[in-house]
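What follows is coords23.tsv (TSV, N, CA, C and O atoms).
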```
chain	number	residue	atom	x	y	z
L	1	MET	N	-4.65	-14.20	4.27
L	1	MET	CA	-3.80	-14.22	3.09
L	1	MET	C	-2.34	-14.11	3.53
L	1	MET	O	-1.99	-13.28	4.34
L	2	GLU	N	-1.49	-14.93	2.99
L	2	GLU	CA	-0.09	-14.95	3.34
L	2	GLU	C	0.66	-13.87	2.57
L	2	GLU	O	0.49	-13.71	1.36
L	3	LYS	N	1.50	-13.12	3.27
L	3	LYS	CA	2.28	-12.07	2.65
L	3	LYS	C	3.50	-12.67	1.96
L	3	LYS	O	4.13	-13.59	2.48
L	4	LEU	N	3.81	-12.17	0.79
L	4	LEU	CA	4.98	-12.66	0.07
L	4	LEU	C	6.26	-12.18	0.74
L	4	LEU	O	6.35	-11.04	1.16
L	5	ALA	N	7.25	-13.06	0.84
L	5	ALA	CA	8.51	-12.69	1.45
L	5	ALA	C	9.27	-11.70	0.57
L	5	ALA	O	9.90	-10.79	1.05
L	6	ASN	N	9.19	-11.87	-0.74
L	6	ASN	CA	9.88	-11.00	-1.67
L	6	ASN	C	8.97	-10.74	-2.87
L	6	ASN	O	8.93	-11.55	-3.80
L	7	PRO	N	8.26	-9.60	-2.88
L	7	PRO	CA	7.31	-9.33	-3.96
L	7	PRO	C	7.95	-9.28	-5.35
L	7	PRO	O	7.29	-9.54	-6.35
L	8	SER	N	9.24	-8.98	-5.45
L	8	SER	CA	9.88	-8.92	-6.76
L	8	SER	C	9.91	-10.28	-7.44
L	8	SER	O	9.92	-10.38	-8.65
L	9	ARG	N	9.92	-11.35	-6.67
L	9	ARG	CA	9.88	-12.70	-7.25
L	9	ARG	C	8.57	-12.96	-7.97
L	9	ARG	O	8.53	-13.60	-9.00
L	10	ARG	N	7.50	-12.44	-7.42
L	10	ARG	CA	6.20	-12.61	-8.07
L	10	ARG	C	6.18	-11.91	-9.41
L	10	ARG	O	5.64	-12.41	-10.39
L	11	ARG	N	6.76	-10.70	-9.47
L	11	ARG	CA	6.84	-9.97	-10.73
L	11	ARG	C	7.66	-10.75	-11.75
L	11	ARG	O	7.33	-10.78	-12.93
L	12	LEU	N	8.72	-11.42	-11.31
L	12	LEU	CA	9.56	-12.19	-12.21
L	12	LEU	C	8.76	-13.32	-12.86
L	12	LEU	O	8.80	-13.51	-14.07
L	13	PHE	N	7.99	-14.06	-12.06
L	13	PHE	CA	7.22	-15.17	-12.60
L	13	PHE	C	6.06	-14.72	-13.47
L	13	PHE	O	5.60	-15.46	-14.32
L	14	LYS	N	5.59	-13.51	-13.26
L	14	LYS	CA	4.52	-12.97	-14.10
L	14	LYS	C	5.08	-12.32	-15.36
L	14	LYS	O	4.33	-11.85	-16.20
L	15	GLY	N	6.41	-12.25	-15.47
L	15	GLY	CA	7.03	-11.63	-16.64
L	15	GLY	C	7.10	-10.12	-16.54
L	15	GLY	O	7.34	-9.43	-17.52
L	16	LYS	N	6.89	-9.59	-15.33
L	16	LYS	CA	6.96	-8.15	-15.11
L	16	LYS	C	8.23	-7.86	-14.34
L	16	LYS	O	8.25	-7.91	-13.11
L	17	LEU	N	9.28	-7.54	-15.06
L	17	LEU	CA	10.56	-7.32	-14.41
L	17	LEU	C	10.68	-5.92	-13.84
L	17	LEU	O	11.45	-5.69	-12.92
L	18	GLN	N	9.93	-4.97	-14.36
L	18	GLN	CA	10.00	-3.62	-13.84
L	18	GLN	C	9.00	-3.46	-12.70
L	18	GLN	O	7.90	-4.00	-12.75
L	19	LYS	N	9.41	-2.72	-11.71
L	19	LYS	CA	8.56	-2.49	-10.55
L	19	LYS	C	7.39	-1.58	-10.94
L	19	LYS	O	7.58	-0.57	-11.61
L	20	GLU	N	6.20	-1.95	-10.52
L	20	GLU	CA	5.02	-1.14	-10.78
L	20	GLU	C	5.11	0.16	-9.99
L	20	GLU	O	5.41	0.15	-8.80
L	21	LYS	N	4.86	1.28	-10.65
L	21	LYS	CA	4.90	2.56	-9.95
L	21	LYS	C	3.52	2.83	-9.37
L	21	LYS	O	2.53	2.91	-10.09
L	22	VAL	N	3.47	2.93	-8.05
L	22	VAL	CA	2.21	3.16	-7.36
L	22	VAL	C	2.37	4.30	-6.37
L	22	VAL	O	3.47	4.58	-5.90
L	23	LEU	N	1.27	4.93	-6.05
L	23	LEU	CA	1.25	5.96	-5.02
L	23	LEU	C	0.83	5.31	-3.71
L	23	LEU	O	-0.23	4.72	-3.62
L	24	ARG	N	1.69	5.42	-2.72
L	24	ARG	CA	1.38	4.87	-1.41
L	24	ARG	C	0.61	5.90	-0.59
L	24	ARG	O	0.45	7.04	-0.99
L	25	LEU	N	0.18	5.50	0.57
L	25	LEU	CA	-0.59	6.37	1.44
L	25	LEU	C	0.25	7.55	1.92
L	25	LEU	O	1.47	7.44	2.02
L	26	PRO	N	-0.41	8.68	2.22
L	26	PRO	CA	0.34	9.84	2.74
L	26	PRO	C	1.07	9.48	4.02
L	26	PRO	O	0.62	8.64	4.79
L	27	TRP	N	2.19	10.08	4.25
L	27	TRP	CA	3.02	9.96	5.45
L	27	TRP	C	3.74	8.63	5.58
L	27	TRP	O	4.31	8.32	6.62
L	28	VAL	N	3.78	7.81	4.54
L	28	VAL	CA	4.54	6.55	4.59
L	28	VAL	C	6.03	6.88	4.64
L	28	VAL	O	6.50	7.77	3.93
L	29	ILE	N	6.76	6.17	5.47
L	29	ILE	CA	8.20	6.42	5.62
L	29	ILE	C	8.91	6.25	4.28
L	29	ILE	O	9.62	7.13	3.84
L	30	SER	N	8.74	5.10	3.65
L	30	SER	CA	9.29	4.84	2.32
L	30	SER	C	8.56	3.64	1.74
L	30	SER	O	7.95	2.86	2.47
L	31	ASP	N	8.65	3.49	0.44
L	31	ASP	CA	7.99	2.36	-0.21
L	31	ASP	C	8.60	1.04	0.28
L	31	ASP	O	7.88	0.06	0.48
L	32	GLN	N	9.90	1.01	0.48
L	32	GLN	CA	10.57	-0.21	0.95
L	32	GLN	C	10.09	-0.60	2.34
L	32	GLN	O	9.76	-1.76	2.59
L	33	VAL	N	10.03	0.35	3.25
L	33	VAL	CA	9.53	0.08	4.61
L	33	VAL	C	8.08	-0.39	4.54
L	33	VAL	O	7.69	-1.34	5.21
L	34	PHE	N	7.31	0.26	3.69
L	34	PHE	CA	5.89	-0.08	3.56
L	34	PHE	C	5.71	-1.53	3.10
L	34	PHE	O	4.98	-2.29	3.71
L	35	THR	N	6.39	-1.92	2.02
L	35	THR	CA	6.22	-3.28	1.51
L	35	THR	C	6.85	-4.33	2.41
L	35	THR	O	6.44	-5.48	2.40
L	36	ASP	N	7.85	-3.95	3.19
L	36	ASP	CA	8.47	-4.89	4.12
L	36	ASP	C	7.61	-5.15	5.35
L	36	ASP	O	7.58	-6.26	5.88
L	37	GLN	N	6.89	-4.12	5.84
L	37	GLN	CA	6.20	-4.24	7.11
L	37	GLN	C	4.68	-4.24	7.04
L	37	GLN	O	4.02	-4.57	8.02
L	38	CYS	N	4.11	-3.89	5.91
L	38	CYS	CA	2.65	-3.89	5.78
L	38	CYS	C	2.14	-5.33	5.83
L	38	CYS	O	2.65	-6.22	5.14
L	39	THR	N	1.12	-5.58	6.64
L	39	THR	CA	0.56	-6.92	6.78
L	39	THR	C	-0.58	-7.17	5.80
L	39	THR	O	-1.15	-8.26	5.80
L	40	GLN	N	-0.92	-6.17	5.01
L	40	GLN	CA	-2.00	-6.26	4.01
L	40	GLN	C	-3.33	-6.61	4.66
L	40	GLN	O	-4.17	-7.30	4.09
L	41	CYS	N	-3.57	-6.08	5.86
L	41	CYS	CA	-4.80	-6.40	6.59
L	41	CYS	C	-6.03	-5.72	5.99
L	41	CYS	O	-7.14	-6.20	6.17
L	42	GLY	N	-5.84	-4.59	5.32
L	42	GLY	CA	-6.96	-3.90	4.69
L	42	GLY	C	-7.68	-2.91	5.58
L	42	GLY	O	-8.69	-2.34	5.17
L	43	ASP	N	-7.20	-2.70	6.80
L	43	ASP	CA	-7.86	-1.76	7.71
L	43	ASP	C	-7.87	-0.34	7.15
L	43	ASP	O	-8.85	0.38	7.29
L	44	CYS	N	-6.79	0.06	6.51
L	44	CYS	CA	-6.71	1.41	5.93
L	44	CYS	C	-7.71	1.56	4.78
L	44	CYS	O	-8.32	2.63	4.61
L	45	ILE	N	-7.92	0.51	4.05
L	45	ILE	CA	-8.88	0.54	2.94
L	45	ILE	C	-10.29	0.71	3.49
L	45	ILE	O	-11.09	1.49	2.98
L	46	ALA	N	-10.58	0.02	4.58
L	46	ALA	CA	-11.92	0.04	5.17
L	46	ALA	C	-12.28	1.40	5.77
L	46	ALA	O	-13.44	1.81	5.72
L	47	VAL	N	-11.30	2.13	6.31
L	47	VAL	CA	-11.60	3.40	6.98
L	47	VAL	C	-11.49	4.62	6.08
L	47	VAL	O	-11.85	5.72	6.49
L	48	CYS	N	-11.02	4.45	4.86
L	48	CYS	CA	-10.83	5.61	3.96
L	48	CYS	C	-12.19	6.23	3.65
L	48	CYS	O	-13.06	5.60	3.05
L	49	GLU	N	-12.36	7.49	4.04
L	49	GLU	CA	-13.66	8.15	3.87
L	49	GLU	C	-13.99	8.47	2.41
L	49	GLU	O	-15.15	8.59	2.05
L	50	THR	N	-12.97	8.58	1.57
L	50	THR	CA	-13.23	8.87	0.16
L	50	THR	C	-13.06	7.65	-0.73
L	50	THR	O	-13.19	7.75	-1.95
L	51	GLN	N	-12.73	6.50	-0.14
L	51	GLN	CA	-12.61	5.22	-0.84
L	51	GLN	C	-11.58	5.25	-1.97
L	51	GLN	O	-11.76	4.60	-3.01
L	52	ILE	N	-10.47	5.99	-1.76
L	52	ILE	CA	-9.43	6.05	-2.80
L	52	ILE	C	-8.30	5.08	-2.53
L	52	ILE	O	-7.42	4.93	-3.36
L	53	ILE	N	-8.31	4.40	-1.40
L	53	ILE	CA	-7.27	3.42	-1.10
L	53	ILE	C	-7.76	2.07	-1.60
L	53	ILE	O	-8.82	1.59	-1.21
L	54	VAL	N	-6.97	1.47	-2.48
L	54	VAL	CA	-7.28	0.17	-3.07
L	54	VAL	C	-6.04	-0.71	-3.01
L	54	VAL	O	-4.95	-0.23	-2.70
L	55	LYS	N	-6.19	-1.99	-3.32
L	55	LYS	CA	-5.03	-2.89	-3.34
L	55	LYS	C	-4.35	-2.83	-4.71
L	55	LYS	O	-5.00	-2.78	-5.74
L	56	ASP	N	-3.00	-2.88	-4.68
L	56	ASP	CA	-2.26	-2.97	-5.94
L	56	ASP	C	-2.18	-4.42	-6.38
L	56	ASP	O	-2.80	-5.30	-5.78
L	57	THR	N	-1.43	-4.70	-7.42
L	57	THR	CA	-1.37	-6.06	-7.97
L	57	THR	C	-0.73	-7.07	-7.00
L	57	THR	O	-0.96	-8.27	-7.13
L	58	LEU	N	0.03	-6.58	-6.03
L	58	LEU	CA	0.65	-7.47	-5.04
L	58	LEU	C	-0.14	-7.54	-3.74
L	58	LEU	O	0.26	-8.22	-2.81
L	59	GLY	N	-1.24	-6.81	-3.67
L	59	GLY	CA	-2.08	-6.85	-2.48
L	59	GLY	C	-1.81	-5.75	-1.47
L	59	GLY	O	-2.44	-5.71	-0.42
L	60	PHE	N	-0.88	-4.86	-1.76
L	60	PHE	CA	-0.57	-3.76	-0.85
L	60	PHE	C	-1.50	-2.58	-1.13
L	60	PHE	O	-1.87	-2.33	-2.28
L	61	PRO	N	-1.84	-1.80	-0.11
L	61	PRO	CA	-2.67	-0.62	-0.31
L	61	PRO	C	-1.94	0.45	-1.14
L	61	PRO	O	-0.74	0.65	-0.99
L	62	LYS	N	-2.70	1.10	-2.02
L	62	LYS	CA	-2.18	2.22	-2.80
L	62	LYS	C	-3.30	3.24	-2.93
L	62	LYS	O	-4.46	2.95	-2.69
L	63	VAL	N	-2.92	4.45	-3.32
L	63	VAL	CA	-3.89	5.52	-3.52
L	63	VAL	C	-4.23	5.59	-5.01
L	63	VAL	O	-3.34	5.60	-5.86
L	64	ASP	N	-5.52	5.63	-5.30
L	64	ASP	CA	-5.99	5.74	-6.68
L	64	ASP	C	-6.80	7.03	-6.81
L	64	ASP	O	-7.97	7.09	-6.45
L	65	PHE	N	-6.14	8.08	-7.32
L	65	PHE	CA	-6.78	9.39	-7.41
L	65	PHE	C	-7.84	9.46	-8.51
L	65	PHE	O	-8.56	10.44	-8.58
L	66	SER	N	-7.97	8.43	-9.31
L	66	SER	CA	-9.05	8.44	-10.30
L	66	SER	C	-10.40	8.20	-9.61
L	66	SER	O	-11.44	8.45	-10.19
L	67	ARG	N	-10.36	7.75	-8.36
L	67	ARG	CA	-11.59	7.48	-7.60
L	67	ARG	C	-12.03	8.67	-6.76
L	67	ARG	O	-13.12	8.67	-6.20
L	68	GLY	N	-11.16	9.67	-6.61
L	68	GLY	CA	-11.48	10.83	-5.78
L	68	GLY	C	-10.21	11.48	-5.28
L	68	GLY	O	-9.14	11.30	-5.85
L	69	GLU	N	-10.34	12.24	-4.20
L	69	GLU	CA	-9.19	12.94	-3.66
L	69	GLU	C	-8.99	12.60	-2.19
L	69	GLU	O	-9.92	12.17	-1.51
L	70	CYS	N	-7.76	12.80	-1.73
L	70	CYS	CA	-7.43	12.55	-0.33
L	70	CYS	C	-7.74	13.81	0.47
L	70	CYS	O	-7.34	14.91	0.08
L	71	THR	N	-8.43	13.66	1.58
L	71	THR	CA	-8.75	14.80	2.44
L	71	THR	C	-7.75	14.93	3.58
L	71	THR	O	-7.89	15.81	4.42
L	72	PHE	N	-6.75	14.07	3.62
L	72	PHE	CA	-5.72	14.05	4.66
L	72	PHE	C	-6.34	13.96	6.05
L	72	PHE	O	-5.91	14.61	6.99
L	73	CYS	N	-7.37	13.12	6.18
L	73	CYS	CA	-8.08	12.94	7.45
L	73	CYS	C	-7.26	12.13	8.46
L	73	CYS	O	-7.57	12.13	9.64
L	74	GLN	N	-6.26	11.42	8.00
L	74	GLN	CA	-5.36	10.59	8.80
L	74	GLN	C	-6.03	9.35	9.40
L	74	GLN	O	-5.48	8.73	10.31
L	75	LYS	N	-7.19	8.98	8.91
L	75	LYS	CA	-7.85	7.78	9.43
L	75	LYS	C	-7.04	6.53	9.11
L	75	LYS	O	-6.95	5.62	9.93
L	76	CYS	N	-6.44	6.47	7.91
L	76	CYS	CA	-5.60	5.31	7.55
L	76	CYS	C	-4.39	5.23	8.47
L	76	CYS	O	-4.01	4.15	8.93
L	77	LEU	N	-3.80	6.36	8.75
L	77	LEU	CA	-2.63	6.44	9.63
L	77	LEU	C	-2.99	5.98	11.04
L	77	LEU	O	-2.27	5.19	11.65
L	78	ASN	N	-4.12	6.44	11.56
L	78	ASN	CA	-4.53	6.09	12.92
L	78	ASN	C	-5.00	4.65	13.04
L	78	ASN	O	-4.87	4.04	14.10
L	79	GLN	N	-5.53	4.09	11.98
L	79	GLN	CA	-6.04	2.71	12.01
L	79	GLN	C	-4.92	1.68	11.94
L	79	GLN	O	-5.04	0.58	12.48
L	80	CYS	N	-3.82	2.03	11.29
L	80	CYS	CA	-2.71	1.09	11.07
L	80	CYS	C	-1.96	0.81	12.37
L	80	CYS	O	-1.59	1.72	13.10
L	81	GLU	N	-1.74	-0.47	12.63
L	81	GLU	CA	-1.02	-0.88	13.84
L	81	GLU	C	0.48	-1.04	13.61
L	81	GLU	O	1.23	-1.27	14.55
L	82	GLU	N	0.92	-0.95	12.37
L	82	GLU	CA	2.32	-1.13	12.04
L	82	GLU	C	3.04	0.23	12.01
L	82	GLU	O	2.43	1.25	11.73
L	83	PRO	N	4.36	0.25	12.28
L	83	PRO	CA	5.12	1.51	12.28
L	83	PRO	C	5.55	1.91	10.86
L	83	PRO	O	6.73	1.91	10.52
L	84	LEU	N	4.58	2.27	10.03
L	84	LEU	CA	4.85	2.56	8.62
L	84	LEU	C	4.88	4.04	8.29
L	84	LEU	O	5.28	4.42	7.21
L	85	PHE	N	4.45	4.87	9.22
L	85	PHE	CA	4.24	6.28	8.91
L	85	PHE	C	5.15	7.18	9.72
L	85	PHE	O	5.57	6.84	10.82
L	86	LEU	N	5.42	8.38	9.17
L	86	LEU	CA	6.25	9.38	9.85
L	86	LEU	C	5.52	9.98	11.02
L	86	LEU	O	4.36	10.07	11.09
```

Take the structure I supplied and represent it as structure tokens, if you would.
Amino acid sequence: MEKLANPSRRRLFKGKLQKEKVLRLPWVISDQVFTDQCTQCGDCIAVCETQIIVKDTLGFPKVDFSRGECTFCQKCLNQCEEPLFL
């Protein structure tokens, strides 16, 4: 899947001018760094032991606490090959 160069353009064409508020994974440097450098590979989703990491409307991983709780196991952090975390 090809990553969008500018996710805000997609929101514009969908008629969603406001940015969707999502919870990113623990220890992420910032939302901007995350959306700029995340490759959307899905490795963090696959290793989440509580299955609370899901894709948002743009395809980026987010935390969905309605599915359970985070145990702070750091598996998502260790699986990610990108420099997204503190």

In Å and to one decimal, atom C of Phe65 (chain L) is distant from atom N of Ala46 (chain L) by 16.4 Å

For region 78-85 of chain L, please output as a JSON list (two decimals) with N, CA, C and O atoms, in the coordinates of the input all residues within 4.5 Å (counting only N, CA, C and O atoms; exclusion window: fewer than 3 positions along the same chain).
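Final file, part-v1.json:
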```json
[["chain", "number", "residue", "atom", "x", "y", "z"],
["L", 27, "TRP", "N", 2.19, 10.08, 4.25],
["L", 27, "TRP", "CA", 3.02, 9.96, 5.45],
["L", 27, "TRP", "C", 3.74, 8.63, 5.58],
["L", 27, "TRP", "O", 4.31, 8.32, 6.62],
["L", 28, "VAL", "N", 3.78, 7.81, 4.54],
["L", 28, "VAL", "CA", 4.54, 6.55, 4.59],
["L", 28, "VAL", "C", 6.03, 6.88, 4.64],
["L", 28, "VAL", "O", 6.50, 7.77, 3.93],
["L", 29, "ILE", "N", 6.76, 6.17, 5.47],
["L", 29, "ILE", "CA", 8.20, 6.42, 5.62],
["L", 29, "ILE", "C", 8.91, 6.25, 4.28],
["L", 29, "ILE", "O", 9.62, 7.13, 3.84],
["L", 74, "GLN", "N", -6.26, 11.42, 8.00],
["L", 74, "GLN", "CA", -5.36, 10.59, 8.80],
["L", 74, "GLN", "C", -6.03, 9.35, 9.40],
["L", 74, "GLN", "O", -5.48, 8.73, 10.31],
["L", 75, "LYS", "N", -7.19, 8.98, 8.91],
["L", 75, "LYS", "CA", -7.85, 7.78, 9.43],
["L", 75, "LYS", "C", -7.04, 6.53, 9.11],
["L", 75, "LYS", "O", -6.95, 5.62, 9.93]]
```

Let me know the centre plus edge lengths, in Å and rounded to one decimal, of a box with edges along x, y and z that contains all listed atoms of region 19-30 of chain L and is padded by 4 Å on every side, as lines of an AutoDock Vina configuration file.
```
center_x = 4.5
center_y = 3.7
center_z = -2.5
size_x = 18.2
size_y = 20.8
size_z = 26.3
```

- May I ask for the distance between atom N of Val47 (chain L) and CA of Ser30 (chain L), given in Å to one decimal place?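 These two atoms are separated by 21.1 Å.
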
d(CA of Gly42 (chain L), CA of Lys21 (chain L)) in Å: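 Answer for the CA of Gly42 (chain L) to CA of Lys21 (chain L) separation: 19.9 Å.
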
Among listed residues L:Leu86, L:Leu77, L:Cys70, L:Val22, nearest Gln51 (chain L) (using only C-alpha atoms):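 Nearest to Gln51 (chain L): L:Cys70.
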